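> I have a structure here, written as structure tokens, and I will follow up with some questions on it.
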Amino acid sequence: MSGPRVSAVVITLNEQECLRACLESAAWADELIVVDAESQDKTVQIAREFTDHVVVRPWPGFAAQKNFGLARAGGDWILSLDADEEVTPELRAEILATVAAADAADGYRVPRRNVFWGRFIRHGGLYPDWQVRLFRRGRGRFVERAVHESVEVDGRVGRLRAALVHRSHRDVADFLARADRYSTLAAEEAVRHGRRVGAGDLVWRPAGRFLSMYVLRAGFLDGWRGFLLASLYAYYVFIRSAKIWERTRR
């Protein structure tokens, strides 16, 4: 008798640089599903090397796209991955042992090892960076938010010990491009919910983010990468606040 089946679900948009590593790390899953948002590069071609379950559709938003993928999964368990994430061999072994256990919870948080410029970032609040990534089919769903979507699990949530590798920012240019896109989505959502910012927010919130990451959460222990990341995240907070300020004064 075979054990519980695992479906790995990945959403993509112009991810040719990192998708192969992601799918190779999840090739052990019983089912691989890729939902692509009309990529203009070789993303779909790469995805089809690994699975026949590739769907191309217009981009409806992060949560909606991920929930679409969940609805197409047929496994007993869902492993939700971003295209810049990789399953380590240790995590694979722990997932297979966990889903086969009689007392398994309904969902699991997984620690992420964020990698920046080729090195694991251990401080600044970027590790362990717990994320719900594994859950029983039908028990988990992404909350509808414009950005920074997360999974809500109907039932008990446990924690795994092995880490998921997250190669979120290849370099400064990649960070800035993502920051511009995500800050726009976050600002639009904030304005819809009636949030306003003042001049102080443009100064103190970015400063607070830098001090929190670099000093309070010991980002300085990651050397120049820690300083650079604290500065970049402070910049993200600044442009997000500036975009909210701009939109509420039109």
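Labeling convention for the structure tokens: chains A, B, ... as they appear, residues from 1 per chain, ligands from 1 in order of appearance.
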Can you tell me, as a PyMOL selection string, what residues are no more than 12 Å from Ala83 in chain A when counting only C-alpha atoms, ignoring any on the same chain fewer than 4 positions away?
chain A and resi 8-26+33-36+43+46-47+66+87+165-168
> Take the residues that were just selected and, keeping C-alpha atoms, output them as a CSV table (one decimal), in the first residue's frame.

chain,number,residue,atom,x,y,z
A,8,ALA,CA,4.2,20.4,-5.2
A,9,VAL,CA,2.6,23.6,-6.5
A,10,VAL,CA,4.7,26.5,-7.9
A,11,ILE,CA,3.6,29.8,-9.4
A,12,THR,CA,5.8,31.5,-12.0
A,13,LEU,CA,6.3,34.7,-13.9
A,14,ASN,CA,9.6,35.1,-15.9
A,15,GLU,CA,11.5,32.8,-13.6
A,16,GLN,CA,13.9,31.1,-16.0
A,17,GLU,CA,16.9,32.0,-13.9
A,18,CYS,CA,15.8,30.0,-10.8
A,19,LEU,CA,13.0,27.7,-11.8
A,20,ARG,CA,15.1,24.7,-12.8
A,21,ALA,CA,16.7,24.5,-9.4
A,22,CYS,CA,13.3,24.7,-7.7
A,23,LEU,CA,11.7,22.0,-9.8
A,24,GLU,CA,14.8,19.7,-9.5
A,25,SER,CA,14.6,20.0,-5.7
A,26,ALA,CA,10.9,19.0,-5.8
A,33,ILE,CA,1.9,21.6,-10.8
A,34,VAL,CA,3.2,24.9,-12.3
A,35,VAL,CA,0.9,27.9,-12.8
A,36,ASP,CA,2.5,30.4,-15.0
A,43,THR,CA,9.9,29.6,-17.9
A,46,ILE,CA,11.7,24.7,-18.5
A,47,ALA,CA,8.5,23.8,-16.5
A,66,LYS,CA,-1.7,30.2,-5.6
A,87,VAL,CA,13.8,21.8,-1.0
A,165,VAL,CA,16.4,27.5,0.8
A,166,HIS,CA,15.1,30.9,-0.4
A,167,ARG,CA,17.2,32.7,-3.1
A,168,SER,CA,15.0,35.8,-2.9
> I'd like the contact shell of Arg92 in chain A - 10 Å cut-off, only C-alpha atoms, skipping same-chain residues fewer than 6 positions apart - returned as a PyMOL selection string.
chain A and resi 25-26+28-29+98+162-164
> Just to confirm, what's the straight-line distance from CA of Asp30 in chain A to CA of Leu91 in chain A in Å (one decimal)?
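These atoms are spaced 15.7 Å apart.
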> Could you find all residues in range 33-247 of chain A that DSSP calls alpha helix (DSSP H) from the backbone, and write them as a PyMOL selection string?
chain A and resi 43-50+62-72+89-100+172-192+199-211+223-247
> Which polymer residues have any atom within 9 Å of an atom of range 119-133 of chain A, counting only C-alpha atoms, with same-chain residues fewer than 2 positions away left out, as an MDAnalysis selection string?
chainID A and resid 78:81 107:117 135 150:153 157 159 163 165 212:222 225:226 229:230
> So that each row is one residue of range 123-185 of chain A with an atom at most 8 Å from range 231-240 of chain A, can you give its shortest atom pair and the distance in Å to one decimal, using only C-alpha atoms, rows by chain and rising number, as JSON lines?

{"residue": "A:Phe175", "atom": "CA", "partner": "A:Leu232", "partner_atom": "CA", "distance": 7.7}
{"residue": "A:Leu176", "atom": "CA", "partner": "A:Leu232", "partner_atom": "CA", "distance": 7.9}
{"residue": "A:Ala179", "atom": "CA", "partner": "A:Tyr236", "partner_atom": "CA", "distance": 5.8}
{"residue": "A:Asp180", "atom": "CA", "partner": "A:Ile239", "partner_atom": "CA", "distance": 7.7}
{"residue": "A:Ser183", "atom": "CA", "partner": "A:Arg240", "partner_atom": "CA", "distance": 4.7}
{"residue": "A:Thr184", "atom": "CA", "partner": "A:Arg240", "partner_atom": "CA", "distance": 6.8}
> Rounded to one decimal, what separation in Å do you get between CA of Val99 in chain A and CA of Val6 in chain A?
8.4 Å
> Just asking: which residues within range 50-165 of chain A are strand (DSSP E) according to DSSP, as a VMD selection string?
chain A and resid 54 to 56 77 to 82 85 to 87 107 to 110 112 to 116 119 to 120 131 to 136 140 to 142 151 to 153 157 to 159 164 to 165
> With N, CA and C atoms retained, export the selected residues as a compact mmCIF listing (two decimals), in the first residue's frame.

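New file again03.txt:
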# COMPACT_ATOMS: atom_id res chain seq x y z
N VAL A 54 1.26 21.95 -16.46
CA VAL A 54 1.63 23.36 -16.57
C VAL A 54 0.43 24.13 -17.12
N VAL A 55 -0.02 25.12 -16.37
CA VAL A 55 -1.16 25.93 -16.78
C VAL A 55 -0.69 27.37 -16.97
N VAL A 56 -1.02 27.96 -18.11
CA VAL A 56 -0.69 29.36 -18.37
C VAL A 56 -1.97 30.17 -18.35
N TRP A 77 -1.38 15.76 0.35
CA TRP A 77 -0.70 16.89 0.96
C TRP A 77 -0.23 17.85 -0.13
N ILE A 78 -0.18 19.15 0.23
CA ILE A 78 0.29 20.19 -0.68
C ILE A 78 1.61 20.75 -0.16
N LEU A 79 2.58 20.84 -1.02
CA LEU A 79 3.82 21.55 -0.74
C LEU A 79 3.83 22.77 -1.65
N SER A 80 3.62 23.94 -1.07
CA SER A 80 3.57 25.17 -1.85
C SER A 80 4.94 25.82 -1.89
N LEU A 81 5.43 26.06 -3.11
CA LEU A 81 6.76 26.63 -3.28
C LEU A 81 6.71 27.86 -4.17
N ASP A 82 7.62 28.80 -3.90
CA ASP A 82 7.87 29.89 -4.84
C ASP A 82 9.00 29.44 -5.76
N GLU A 85 12.59 29.16 -4.43
CA GLU A 85 12.81 28.32 -3.25
C GLU A 85 13.25 26.92 -3.67
N GLU A 86 14.03 26.27 -2.82
CA GLU A 86 14.53 24.92 -3.10
C GLU A 86 14.38 24.05 -1.86
N VAL A 87 13.93 22.81 -2.09
CA VAL A 87 13.77 21.84 -1.01
C VAL A 87 15.10 21.12 -0.80
N GLY A 107 -1.07 21.12 9.14
CA GLY A 107 -0.17 21.98 8.37
C GLY A 107 1.14 22.13 9.12
N TYR A 108 2.16 22.59 8.40
CA TYR A 108 3.49 22.74 9.02
C TYR A 108 4.18 24.01 8.55
N ARG A 109 4.78 24.70 9.52
CA ARG A 109 5.67 25.82 9.22
C ARG A 109 7.06 25.28 8.95
N VAL A 110 7.72 25.89 7.98
CA VAL A 110 9.05 25.47 7.58
C VAL A 110 10.00 26.65 7.74
N ARG A 112 12.95 29.05 6.69
CA ARG A 112 13.60 29.38 5.42
C ARG A 112 14.99 29.95 5.66
N ARG A 113 15.93 29.48 4.85
CA ARG A 113 17.29 30.02 4.87
C ARG A 113 17.40 30.99 3.71
N ASN A 114 17.33 32.28 4.02
CA ASN A 114 17.42 33.30 2.98
C ASN A 114 18.86 33.47 2.53
N VAL A 115 19.07 33.42 1.22
CA VAL A 115 20.40 33.52 0.64
C VAL A 115 20.50 34.83 -0.13
N PHE A 116 21.53 35.62 0.16
CA PHE A 116 21.75 36.89 -0.53
C PHE A 116 23.18 36.94 -1.01
N ARG A 119 25.26 33.82 -0.04
CA ARG A 119 25.54 33.43 1.35
C ARG A 119 24.26 33.42 2.19
N PHE A 120 24.16 32.43 3.06
CA PHE A 120 23.05 32.30 3.99
C PHE A 120 23.09 33.44 5.01
N GLN A 131 7.52 29.87 7.56
CA GLN A 131 6.47 29.98 6.55
C GLN A 131 5.68 28.67 6.49
N VAL A 132 4.35 28.77 6.43
CA VAL A 132 3.54 27.57 6.23
C VAL A 132 3.68 27.17 4.77
N ARG A 133 4.25 26.00 4.54
CA ARG A 133 4.47 25.54 3.18
C ARG A 133 3.90 24.14 2.91
N LEU A 134 3.62 23.39 3.98
CA LEU A 134 3.11 22.03 3.85
C LEU A 134 1.80 21.91 4.60
N PHE A 135 0.77 21.40 3.93
CA PHE A 135 -0.53 21.25 4.59
C PHE A 135 -1.38 20.22 3.85
N ARG A 136 -2.35 19.69 4.56
CA ARG A 136 -3.26 18.72 3.97
C ARG A 136 -4.12 19.39 2.91
N GLY A 140 -5.75 24.03 3.79
CA GLY A 140 -4.99 25.27 3.72
C GLY A 140 -5.40 26.11 2.53
N ARG A 141 -5.37 27.43 2.71
CA ARG A 141 -5.72 28.35 1.63
C ARG A 141 -5.00 29.67 1.86
N PHE A 142 -4.56 30.29 0.77
CA PHE A 142 -3.86 31.57 0.88
C PHE A 142 -4.86 32.70 1.10
N VAL A 151 -0.60 31.44 4.27
CA VAL A 151 -1.56 30.34 4.30
C VAL A 151 -2.30 30.32 5.64
N GLU A 152 -3.60 30.16 5.58
CA GLU A 152 -4.41 29.89 6.76
C GLU A 152 -4.74 28.40 6.76
N VAL A 153 -4.49 27.74 7.86
CA VAL A 153 -4.73 26.31 7.96
C VAL A 153 -5.90 26.05 8.89
N VAL A 157 -1.32 23.22 13.52
CA VAL A 157 -0.13 23.55 12.73
C VAL A 157 1.11 23.22 13.56
N GLY A 158 2.01 22.43 12.97
CA GLY A 158 3.25 22.08 13.63
C GLY A 158 4.43 22.77 12.96
N ARG A 159 5.63 22.35 13.34
CA ARG A 159 6.85 22.92 12.77
C ARG A 159 7.80 21.81 12.33
N LEU A 164 14.07 25.24 4.20
CA LEU A 164 13.82 25.52 2.79
C LEU A 164 14.78 26.63 2.38
N VAL A 165 15.47 26.47 1.28
CA VAL A 165 16.40 27.50 0.81
C VAL A 165 15.63 28.53 -0.02
